[in-house]
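**Q** Take a look at structure.cif, mmCIF, C-alpha atoms:
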```cif
data_query
#
loop_
_atom_site.label_atom_id
_atom_site.label_comp_id
_atom_site.auth_asym_id
_atom_site.auth_seq_id
_atom_site.Cartn_x
_atom_site.Cartn_y
_atom_site.Cartn_z
CA MET A 1222 -72.37 -100.65 20.39
CA ILE A 1223 -73.69 -102.73 17.50
CA PHE A 1224 -70.39 -102.23 15.68
CA PHE A 1225 -68.51 -103.54 18.68
CA HIS A 1226 -70.69 -106.68 18.82
CA LEU A 1227 -70.39 -107.12 15.07
CA PHE A 1228 -66.61 -106.94 15.33
CA ILE A 1229 -66.44 -109.43 18.23
CA GLU A 1230 -68.86 -111.94 16.68
CA PHE A 1231 -67.19 -112.00 13.27
CA PHE A 1232 -63.70 -112.03 14.76
CA LYS A 1233 -64.80 -115.13 16.68
CA ILE A 1234 -66.05 -116.71 13.45
CA GLY A 1235 -62.69 -116.07 11.79
CA MET A 1236 -60.89 -117.49 14.78
CA PHE A 1237 -62.98 -120.60 15.39
CA SER A 1238 -64.47 -121.79 12.09
CA PHE A 1239 -62.59 -124.65 10.49
CA GLY A 1240 -63.22 -126.13 7.06
CA GLY A 1241 -64.13 -123.27 4.72
CA GLY A 1242 -67.17 -121.13 4.03
CA TYR A 1243 -69.95 -123.52 5.03
CA ALA A 1244 -68.24 -124.03 8.38
CA THR A 1245 -69.19 -120.45 9.27
CA ILE A 1246 -72.92 -121.30 9.08
CA PRO A 1247 -73.15 -122.79 12.61
CA PHE A 1248 -71.82 -119.51 14.01
CA LEU A 1249 -74.21 -117.42 11.93
CA TYR A 1250 -77.04 -119.69 13.08
CA HIS A 1251 -75.99 -119.10 16.67
CA ILE A 1252 -75.86 -115.31 16.07
CA SER A 1253 -79.38 -115.30 14.61
CA GLN A 1254 -80.62 -116.80 17.87
CA ALA A 1255 -78.47 -114.76 20.26
CA TYR A 1256 -79.04 -111.34 18.64
CA ASN A 1257 -81.95 -110.06 16.59
CA TRP A 1258 -79.81 -109.14 13.62
CA TYR A 1259 -81.50 -111.40 11.08
CA SER A 1260 -84.02 -114.26 11.09
CA LEU A 1261 -83.42 -117.90 10.18
CA ASP A 1262 -85.20 -117.35 6.85
CA GLU A 1263 -82.87 -114.48 6.12
CA LEU A 1264 -79.91 -116.69 7.00
CA THR A 1265 -80.86 -119.30 4.39
CA GLN A 1266 -81.38 -116.47 1.87
CA MET A 1267 -77.91 -115.17 2.68
CA VAL A 1268 -76.32 -118.58 2.17
CA ALA A 1269 -78.20 -118.98 -1.11
CA VAL A 1270 -77.16 -115.56 -2.42
CA ALA A 1271 -73.59 -116.27 -1.28
CA SER A 1272 -73.57 -119.54 -3.20
CA ILE A 1273 -74.59 -117.97 -6.51
CA THR A 1274 -72.39 -114.85 -6.39
CA PRO A 1275 -68.64 -114.93 -7.00
CA GLY A 1276 -66.24 -115.09 -4.10
CA PRO A 1277 -65.66 -117.30 -1.09
CA VAL A 1278 -69.03 -118.12 0.53
CA GLY A 1279 -67.73 -117.07 3.95
CA ILE A 1280 -66.89 -113.58 2.75
CA ASN A 1281 -70.21 -113.22 0.97
CA VAL A 1282 -72.17 -114.26 4.03
CA ALA A 1283 -70.20 -111.94 6.32
CA THR A 1284 -70.79 -109.04 3.94
CA TYR A 1285 -74.48 -109.82 3.75
CA ALA A 1286 -74.92 -110.28 7.50
CA GLY A 1287 -73.06 -107.03 8.18
CA LEU A 1288 -75.23 -105.24 5.67
CA LYS A 1289 -78.46 -106.53 7.24
CA THR A 1290 -77.22 -105.45 10.63
CA ALA A 1291 -75.56 -102.10 10.12
CA GLY A 1292 -75.41 -101.07 6.45
CA VAL A 1293 -72.38 -100.90 4.18
CA PHE A 1294 -70.08 -99.95 7.02
CA GLY A 1295 -71.33 -103.01 8.90
CA SER A 1296 -70.43 -105.20 5.89
CA ALA A 1297 -66.94 -103.82 5.71
CA LEU A 1298 -66.50 -104.31 9.44
CA ALA A 1299 -67.89 -107.87 9.46
CA THR A 1300 -65.78 -108.93 6.48
CA THR A 1301 -62.58 -107.41 7.85
CA SER A 1302 -63.05 -108.76 11.35
CA GLU A 1303 -63.73 -112.22 9.98
CA MET A 1304 -60.40 -112.24 8.17
CA LEU A 1305 -58.28 -110.53 10.80
CA PRO A 1306 -57.46 -113.70 12.80
CA SER A 1307 -56.39 -115.40 9.55
CA LEU A 1308 -54.11 -112.50 8.72
CA PHE A 1309 -52.24 -112.81 12.02
CA LEU A 1310 -52.11 -116.60 11.83
CA VAL A 1311 -50.87 -116.63 8.23
CA ILE A 1312 -48.05 -114.24 9.11
CA ILE A 1313 -47.03 -116.31 12.15
CA VAL A 1314 -47.36 -119.68 10.41
CA SER A 1315 -45.46 -118.50 7.31
CA LYS A 1316 -42.42 -118.03 9.51
CA LEU A 1317 -42.47 -121.53 10.94
CA LEU A 1318 -44.09 -123.44 8.12
CA ARG A 1319 -42.52 -126.88 8.48
CA LYS A 1320 -42.39 -126.90 12.26
CA PHE A 1321 -46.06 -126.00 12.35
CA SER A 1322 -47.40 -128.99 10.44
CA ASP A 1323 -45.17 -131.50 12.28
CA ASN A 1324 -46.06 -130.34 15.77
CA PHE A 1325 -47.88 -132.97 17.86
CA TYR A 1326 -50.39 -130.53 19.38
CA VAL A 1327 -51.18 -128.89 16.06
CA LYS A 1328 -51.80 -132.32 14.53
CA SER A 1329 -54.00 -133.42 17.45
CA ILE A 1330 -56.02 -130.22 17.34
CA ILE A 1331 -56.62 -130.61 13.60
CA GLU A 1332 -57.60 -134.28 14.06
CA THR A 1333 -60.08 -133.31 16.79
CA LEU A 1334 -61.55 -130.38 14.89
CA LYS A 1335 -62.76 -132.59 12.04
CA PRO A 1336 -65.42 -134.50 14.00
CA ILE A 1337 -66.36 -131.27 15.85
CA SER A 1338 -66.90 -129.43 12.55
CA CYS A 1339 -69.04 -132.32 11.31
CA ALA A 1340 -71.11 -132.18 14.51
CA LEU A 1341 -71.53 -128.39 14.25
CA LEU A 1342 -72.86 -128.56 10.70
CA THR A 1343 -75.04 -131.57 11.47
CA SER A 1344 -76.70 -129.70 14.32
CA VAL A 1345 -77.40 -126.74 12.01
CA ALA A 1346 -78.84 -129.04 9.35
CA LEU A 1347 -81.13 -130.58 11.99
CA GLY A 1348 -82.14 -127.13 13.27
CA LEU A 1349 -83.06 -125.93 9.78
CA LEU A 1350 -84.78 -129.19 8.96
CA ARG A 1351 -87.09 -129.23 11.99
CA PRO A 1352 -89.58 -126.53 10.84
CA GLU A 1353 -89.76 -128.11 7.34
CA ILE A 1354 -90.33 -131.68 8.43
CA LYS A 1355 -94.14 -131.54 8.20
CA ASP A 1356 -94.05 -129.93 4.76
CA LEU A 1357 -94.36 -132.84 2.33
CA LYS A 1358 -93.34 -130.77 -0.74
CA ALA A 1359 -90.19 -129.62 1.04
CA MET A 1360 -89.26 -133.17 2.02
CA ILE A 1361 -89.78 -134.47 -1.53
CA LEU A 1362 -87.62 -131.68 -2.97
CA LEU A 1363 -84.91 -132.31 -0.38
CA GLY A 1364 -85.00 -136.04 -1.12
CA LEU A 1365 -84.66 -135.42 -4.85
CA LEU A 1366 -81.74 -133.04 -4.33
CA LEU A 1367 -79.95 -135.60 -2.19
CA ILE A 1368 -80.59 -138.43 -4.65
CA MET A 1369 -79.26 -136.21 -7.46
CA SER A 1370 -75.97 -135.90 -5.58
CA TRP A 1371 -75.68 -139.56 -4.70
CA ASN A 1372 -72.40 -139.99 -6.57
CA SER A 1373 -70.89 -136.57 -6.21
CA LYS A 1374 -71.76 -133.09 -5.03
CA LYS A 1375 -72.54 -130.82 -7.96
CA ASP A 1376 -71.79 -127.12 -8.16
CA PRO A 1377 -73.84 -125.34 -5.43
CA ILE A 1378 -75.35 -122.99 -8.04
CA ILE A 1379 -77.16 -125.92 -9.64
CA TYR A 1380 -78.99 -126.76 -6.39
CA ILE A 1381 -80.00 -123.15 -5.78
CA ILE A 1382 -81.27 -122.51 -9.32
CA LEU A 1383 -83.06 -125.85 -9.64
CA SER A 1384 -84.85 -125.42 -6.30
CA ALA A 1385 -85.76 -121.81 -7.10
CA ILE A 1386 -87.35 -123.01 -10.35
CA VAL A 1387 -89.30 -125.70 -8.48
CA GLY A 1388 -90.47 -123.06 -5.98
CA ILE A 1389 -91.64 -120.72 -8.75
CA GLY A 1390 -93.31 -123.62 -10.55
CA LEU A 1391 -95.25 -124.61 -7.42
CA THR A 1392 -96.36 -120.99 -6.87
CA ALA A 1393 -97.58 -120.78 -10.46
CA PHE A 1394 -99.37 -124.11 -10.08
CA CYS A 1395 -101.18 -122.87 -6.93
CA HIS A 1396 -102.21 -119.64 -8.71
CA PHE A 1397 -103.84 -121.39 -11.63
CA SER A 1398 -105.55 -124.24 -9.86
CA MET B 655 -44.43 -107.39 -8.95
CA SER B 656 -46.00 -104.26 -7.49
CA LEU B 657 -48.69 -104.19 -4.82
CA ILE B 658 -51.14 -102.79 -7.37
CA GLU B 659 -50.52 -105.70 -9.69
CA LEU B 660 -50.98 -108.10 -6.77
CA PHE B 661 -54.28 -106.42 -5.90
CA LEU B 662 -55.51 -106.70 -9.48
CA ILE B 663 -54.62 -110.40 -9.76
CA PHE B 664 -56.45 -111.20 -6.54
CA THR B 665 -59.42 -109.07 -7.56
CA LYS B 666 -59.63 -111.12 -10.73
CA ILE B 667 -59.43 -114.39 -8.80
CA GLY B 668 -62.09 -113.16 -6.35
CA ALA B 669 -64.40 -112.39 -9.27
CA MET B 670 -63.92 -115.83 -10.80
CA LEU B 671 -64.43 -117.83 -7.61
CA LEU B 672 -67.73 -119.61 -7.68
CA GLY B 673 -68.80 -122.39 -5.38
CA GLY B 674 -66.51 -122.37 -2.40
CA GLY B 675 -62.85 -122.27 -1.51
CA TYR B 676 -61.70 -125.42 -3.28
CA VAL B 677 -62.01 -123.83 -6.72
CA ILE B 678 -59.24 -121.40 -5.89
CA LEU B 679 -56.35 -123.84 -6.34
CA PRO B 680 -56.51 -124.12 -10.15
CA LEU B 681 -56.94 -120.33 -10.41
CA LEU B 682 -53.88 -119.67 -8.26
CA THR B 683 -51.84 -122.28 -10.13
CA SER B 684 -52.61 -120.55 -13.39
CA GLU B 685 -51.74 -117.05 -12.10
CA PHE B 686 -48.72 -117.68 -9.88
CA VAL B 687 -47.15 -120.88 -11.19
CA GLU B 688 -47.90 -121.01 -14.91
CA LYS B 689 -48.34 -117.41 -16.13
CA ARG B 690 -45.78 -115.94 -13.73
CA PRO B 691 -43.25 -118.32 -12.20
CA LEU B 692 -43.32 -116.72 -8.75
CA ILE B 693 -44.24 -119.66 -6.54
CA SER B 694 -43.33 -123.31 -6.91
CA HIS B 695 -46.14 -125.79 -7.30
CA ASP B 696 -44.98 -127.64 -4.16
CA ASP B 697 -45.17 -124.47 -2.08
CA LEU B 698 -48.67 -123.82 -3.37
CA ILE B 699 -49.81 -127.31 -2.36
CA ASP B 700 -48.25 -126.78 1.09
CA TYR B 701 -50.08 -123.49 1.50
CA PHE B 702 -53.32 -125.13 0.44
CA ALA B 703 -52.95 -127.94 2.97
CA ILE B 704 -52.12 -125.54 5.80
CA SER B 705 -54.92 -123.14 4.78
CA GLN B 706 -57.40 -125.95 5.24
CA SER B 707 -56.17 -126.68 8.74
CA LEU B 708 -56.08 -123.06 9.88
CA PRO B 709 -59.27 -121.39 11.09
CA GLY B 710 -61.03 -118.99 8.75
CA LEU B 711 -61.83 -119.14 5.07
CA ILE B 712 -59.66 -121.42 2.98
CA ALA B 713 -59.61 -119.12 -0.04
CA ALA B 714 -58.69 -116.09 2.06
CA ASN B 715 -55.99 -117.98 3.96
CA ILE B 716 -54.21 -119.29 0.89
CA SER B 717 -54.38 -115.86 -0.78
CA MET B 718 -52.78 -114.28 2.27
CA PHE B 719 -50.02 -116.91 2.31
CA ILE B 720 -49.15 -116.03 -1.28
CA GLY B 721 -49.38 -112.31 -0.62
CA TYR B 722 -47.09 -112.67 2.38
CA LYS B 723 -44.59 -114.80 0.48
CA LEU B 724 -44.37 -112.27 -2.37
CA LYS B 725 -44.64 -108.93 -0.57
CA GLY B 726 -44.54 -109.45 3.19
CA LYS B 727 -47.20 -108.06 5.54
CA TRP B 728 -48.54 -105.54 3.04
CA GLY B 729 -48.72 -108.29 0.45
CA ALA B 730 -50.94 -110.33 2.77
CA ILE B 731 -53.20 -107.34 3.45
CA ILE B 732 -53.43 -106.47 -0.25
CA ALA B 733 -54.24 -110.09 -1.13
CA MET B 734 -57.03 -110.04 1.47
CA LEU B 735 -58.45 -106.79 0.08
CA GLY B 736 -58.17 -108.02 -3.51
CA ILE B 737 -59.93 -111.33 -2.95
CA THR B 738 -62.85 -109.64 -1.14
CA PHE B 739 -63.28 -106.68 -3.49
CA VAL B 740 -65.68 -108.08 -6.12
CA PRO B 741 -67.63 -110.42 -3.76
CA PHE B 742 -68.15 -107.51 -1.36
CA TRP B 743 -69.67 -105.11 -3.89
CA CYS B 744 -71.66 -107.91 -5.54
CA ILE B 745 -73.42 -108.64 -2.26
CA VAL B 746 -73.93 -104.98 -1.35
CA LEU B 747 -75.59 -104.28 -4.71
CA LEU B 748 -77.58 -107.50 -4.85
CA ALA B 749 -78.88 -107.22 -1.28
CA SER B 750 -80.29 -103.75 -1.87
CA VAL B 751 -82.32 -105.11 -4.80
CA LEU B 752 -83.34 -108.34 -3.08
CA GLY B 753 -85.09 -106.56 -0.20
CA THR B 754 -87.68 -104.93 -2.47
CA LEU B 755 -88.25 -108.08 -4.52
CA THR B 756 -89.34 -110.33 -1.67
CA GLU B 757 -92.92 -108.94 -1.69
CA ASN B 758 -93.61 -110.80 -4.92
CA SER B 759 -95.22 -114.23 -4.43
CA TYR B 760 -93.13 -115.88 -7.17
CA ILE B 761 -89.93 -114.63 -5.55
CA GLN B 762 -91.25 -115.98 -2.26
CA GLY B 763 -91.77 -119.34 -3.97
CA ALA B 764 -88.23 -119.23 -5.30
CA LEU B 765 -86.90 -118.40 -1.83
CA TRP B 766 -88.83 -121.33 -0.37
CA GLY B 767 -87.05 -123.64 -2.83
CA VAL B 768 -83.73 -122.00 -2.13
CA GLY B 769 -84.18 -122.62 1.60
CA ILE B 770 -84.47 -126.34 0.89
CA ALA B 771 -81.42 -126.23 -1.40
CA VAL B 772 -79.39 -124.67 1.41
CA ILE B 773 -80.35 -127.51 3.76
CA ALA B 774 -79.30 -130.01 1.07
CA LEU B 775 -76.00 -128.16 0.55
CA ILE B 776 -75.23 -128.21 4.27
CA MET B 777 -76.02 -131.93 4.47
CA LEU B 778 -73.77 -132.60 1.48
CA THR B 779 -70.97 -130.57 3.04
CA VAL B 780 -71.24 -132.75 6.13
CA ARG B 781 -71.02 -135.85 3.94
CA GLU B 782 -67.97 -134.44 2.16
CA MET B 783 -66.20 -133.64 5.46
CA TRP B 784 -67.16 -137.08 6.72
CA GLN B 785 -65.69 -138.82 3.68
CA LYS B 786 -62.46 -136.85 3.80
CA SER B 787 -61.80 -137.65 7.46
CA ASN B 788 -59.96 -140.59 8.87
CA ARG B 789 -62.91 -142.13 10.74
CA ASN B 790 -61.62 -144.13 13.66
CA LEU B 791 -63.19 -144.71 17.07
CA PHE B 792 -61.82 -141.34 18.25
CA PHE B 793 -63.64 -139.55 15.39
CA TYR B 794 -67.01 -141.19 16.20
CA ILE B 795 -66.74 -140.55 19.95
CA ILE B 796 -65.90 -136.85 19.54
CA PHE B 797 -68.59 -136.49 16.86
CA ILE B 798 -71.33 -138.02 19.01
CA LEU B 799 -70.29 -136.18 22.19
CA ALA B 800 -70.12 -132.85 20.35
CA LEU B 801 -73.47 -133.39 18.63
CA CYS B 802 -75.16 -134.28 21.94
CA GLY B 803 -73.59 -131.24 23.59
CA LEU B 804 -74.85 -128.97 20.82
CA ILE B 805 -78.38 -130.38 20.71
CA PHE B 806 -79.15 -131.23 24.34
CA ILE B 807 -77.02 -128.82 26.39
CA LYS B 808 -77.31 -126.13 23.68
CA LEU B 809 -73.62 -125.33 23.69
CA SER B 810 -72.62 -122.43 21.45
CA PRO B 811 -70.26 -123.36 18.57
CA ILE B 812 -67.30 -121.79 20.35
CA GLN B 813 -68.01 -123.54 23.65
CA ALA B 814 -68.26 -126.86 21.78
CA ILE B 815 -65.01 -126.26 19.89
CA ILE B 816 -63.06 -125.32 23.01
CA ILE B 817 -64.43 -128.08 25.26
CA PHE B 818 -64.04 -130.92 22.78
CA THR B 819 -60.67 -129.79 21.42
CA VAL B 820 -59.29 -129.81 24.96
CA ILE B 821 -60.79 -133.28 25.58
CA GLY B 822 -59.46 -134.56 22.24
CA VAL B 823 -55.92 -133.26 22.72
CA PHE B 824 -55.79 -134.64 26.28
CA TYR B 825 -56.96 -138.02 25.00
CA LYS B 826 -54.36 -138.07 22.25
CA ARG B 827 -51.61 -136.87 24.58
CA PHE B 828 -52.20 -139.51 27.26
CA PHE B 829 -53.49 -142.50 25.32
CA GLU B 830 -52.47 -142.49 21.68
CA LYS B 831 -49.03 -141.01 22.25
CA GLN B 832 -48.18 -143.69 24.82
CA LYS B 833 -49.32 -146.37 22.43
CA GLY B 834 -47.09 -144.87 19.76
CA ASP B 835 -44.11 -144.71 22.11
CA GLN B 836 -44.39 -148.39 22.99
CA ILE B 837 -44.34 -149.45 19.37
#
```
Using the file provided, produce a representation of the structure as structure tokens.

**A**
Amino acid sequence: MIFFHLFIEFFKIGMFSFGGGYATIPFLYHISQAYNWYSLDELTQMVAVASITPGPVGINVATYAGLKTAGVFGSALATTSEMLPSLFLVIIVSKLLRKFSDNFYVKSIIETLKPISCALLTSVALGLLRPEIKDLKAMILLGLLLIMSWNSKKDPIIYIILSAIVGIGLTAFCHFS
Amino acid sequence: MSLIELFLIFTKIGAMLLGGGYVILPLLTSEFVEKRPLISHDDLIDYFAISQSLPGLIAANISMFIGYKLKGKWGAIIAMLGITFVPFWCIVLLASVLGTLTENSYIQGALWGVGIAVIALIMLTVREMWQKSNRNLFFYIIFILALCGLIFIKLSPIQAIIIFTVIGVFYKRFFEKQKGDQI
């Protein structure tokens, strides 16, 4: 039964997430609340690991989530089901390439999906932020990371590594004082 | 080009992809336009634009477009398998190690920091999407309605996408299109 749910949930992600790997996070966030497959902490770990390993973040996260849920077979299933909708769509769209991008409804849907995707990610950011808001150290680190990217977003690896170092540094500081 | 060769090229690209789907364009240009003249640069740009507007992962979509163009259905499937090969095994191996490491208090400290970095990355992705969009009144209205729906009514992502896409397309069909027709 878990394989069936895994297939359905990741197929839905592949079908409904717009805007690349990070756009899958709202769905994974929803899954963590709807099923007991992984916790919110594990979700942020997954995203972090996905950002520092090669490959599209969406694939990495699907593999990781599948693994947490149902082992290696779960990873293969989650990854494949996430890409299955794309496979069908790519084959269909390839045949009517020009017509597709000029169609009024296709254009309207794409225009509408942009603000929706922004709203989805904003709500996840708020959800993840809420438990941290009373933690002064966390807020300072977050502020510094955002200031650092004032002009342009750096490579995601830099954020992950820098914050990991800060975390280790703080742990060491607590041990010795 | 054989399917095996196609698989190997995409495996290589999958292994070199770091930091999200946008990095894939230069890699594909080098493999399929410059080293092997199989796809025109214009086609590649078209595929990239359409991949961004289709659901799913941008990097996987564009790879499947190229696979399909070169080798039909099997080409698309092989491209999909190639691009996922290295990332898949990387995660499987890494995750098995990570589980045993999390007992350590320094690793826990690192994970605490990483959790904050992920929040920052998500916020920056929102900013990036925001900057790339054409922000008119329509954009703000849909954004605010969708955000309220997600936070207060606790809509699931799919419910939000379906409800607000229908509203948005209706709006465009009956208001903006008429405006356009009159001009």

**Q** Hey, could you make a per-residue contact list for chain B against chain A with 7 Å as the cut-off, showing the nearest pair of atoms and its distance in Å to one decimal, counting only C-alpha atoms, sorted by chain and number, as a tab-separated table?

**A**
```
residue	atom	partner	partner_atom	distance
B:Gly668	CA	A:Gly1276	CA	5.1
B:Ala669	CA	A:Pro1275	CA	5.4
B:Met670	CA	A:Pro1275	CA	6.1
B:Leu671	CA	A:Gly1276	CA	4.8
B:Leu672	CA	A:Pro1275	CA	4.8
B:Gly673	CA	A:Pro1377	CA	5.8
B:Gly674	CA	A:Pro1277	CA	5.3
B:Gly675	CA	A:Pro1277	CA	5.7
B:Gln706	CA	A:Gly1240	CA	6.1
B:Ser707	CA	A:Ile1331	CA	6.3
B:Leu708	CA	A:Phe1239	CA	6.7
B:Pro709	CA	A:Phe1239	CA	4.7
B:Gly710	CA	A:Gly1235	CA	4.5
B:Leu711	CA	A:Gly1241	CA	4.7
B:Ile712	CA	A:Gly1241	CA	5.1
B:Ala713	CA	A:Pro1277	CA	6.4
B:Asn715	CA	A:Ser1307	CA	6.2
B:Met718	CA	A:Val1311	CA	6.7
B:Phe719	CA	A:Val1311	CA	6.0
B:Tyr722	CA	A:Ile1312	CA	7.0
B:Thr738	CA	A:Ile1280	CA	6.9
B:Pro741	CA	A:Gly1276	CA	4.9
B:Phe742	CA	A:Thr1284	CA	6.1
B:Ile745	CA	A:Tyr1285	CA	6.2
B:Tyr760	CA	A:Ile1389	CA	5.3
B:Gly763	CA	A:Gly1388	CA	4.4
B:Ala764	CA	A:Ala1385	CA	4.0
B:Leu765	CA	A:Ala1385	CA	6.4
B:Trp766	CA	A:Gly1388	CA	6.1
B:Gly767	CA	A:Ser1384	CA	4.5
B:Val768	CA	A:Ile1381	CA	5.3
B:Gly769	CA	A:Thr1265	CA	5.5
B:Ile770	CA	A:Leu1363	CA	6.1
B:Ala771	CA	A:Ile1381	CA	5.5
B:Val772	CA	A:Thr1265	CA	6.3
B:Ile773	CA	A:Ala1346	CA	6.0
B:Ala774	CA	A:Leu1363	CA	6.2
B:Leu775	CA	A:Pro1377	CA	7.0
B:Ile776	CA	A:Ala1346	CA	6.3
B:Met777	CA	A:Ala1346	CA	6.3
B:Leu778	CA	A:Lys1374	CA	6.8
B:Val780	CA	A:Cys1339	CA	5.6
B:Met783	CA	A:Cys1339	CA	6.6
B:Trp784	CA	A:Cys1339	CA	6.9
B:Ser787	CA	A:Lys1335	CA	6.9
B:Phe793	CA	A:Pro1336	CA	5.5
B:Ile796	CA	A:Pro1336	CA	6.0
B:Phe797	CA	A:Pro1336	CA	4.7
B:Ala800	CA	A:Ala1340	CA	6.0
B:Leu801	CA	A:Ala1340	CA	4.9
B:Leu804	CA	A:Ser1344	CA	6.8
B:Ile805	CA	A:Ser1344	CA	6.6
B:Ser810	CA	A:His1251	CA	6.7
B:Pro811	CA	A:Phe1248	CA	6.2
B:Ile812	CA	A:Phe1237	CA	6.7
B:Ile815	CA	A:Ile1337	CA	6.6
B:Thr819	CA	A:Thr1333	CA	5.8
B:Gly822	CA	A:Thr1333	CA	5.6
B:Val823	CA	A:Ser1329	CA	5.6
B:Lys826	CA	A:Ser1329	CA	6.7
```

**Q** Might you spell out which residues the PyMOL selection byres ((chain A and resi 1228) around 9) would select in the displayed file, as JSON, numbers by chain?

**A** {"A": [1223, 1224, 1225, 1226, 1227, 1229, 1230, 1231, 1232, 1233, 1295, 1298, 1299, 1301, 1302, 1303]}

**Q** Mind giving me the straight-line distance from CA of Phe686 in chain B to CA of Leu660 in chain B in Å, one decimal?

**A**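 Computing it gives 10.3 Å between the two atoms.
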
**Q** Rounded to one decimal in Å, what is the spacing between CA of Thr665 in chain B and CA of Ile1313 in chain A?

**A**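 It comes out at 24.4 Å.
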
**Q** Just give me the gap between CA of Asp700 in chain B and CA of Ile716 in chain B in Å, one decimal is fine.

**A**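 These two atoms are separated by 9.6 Å.
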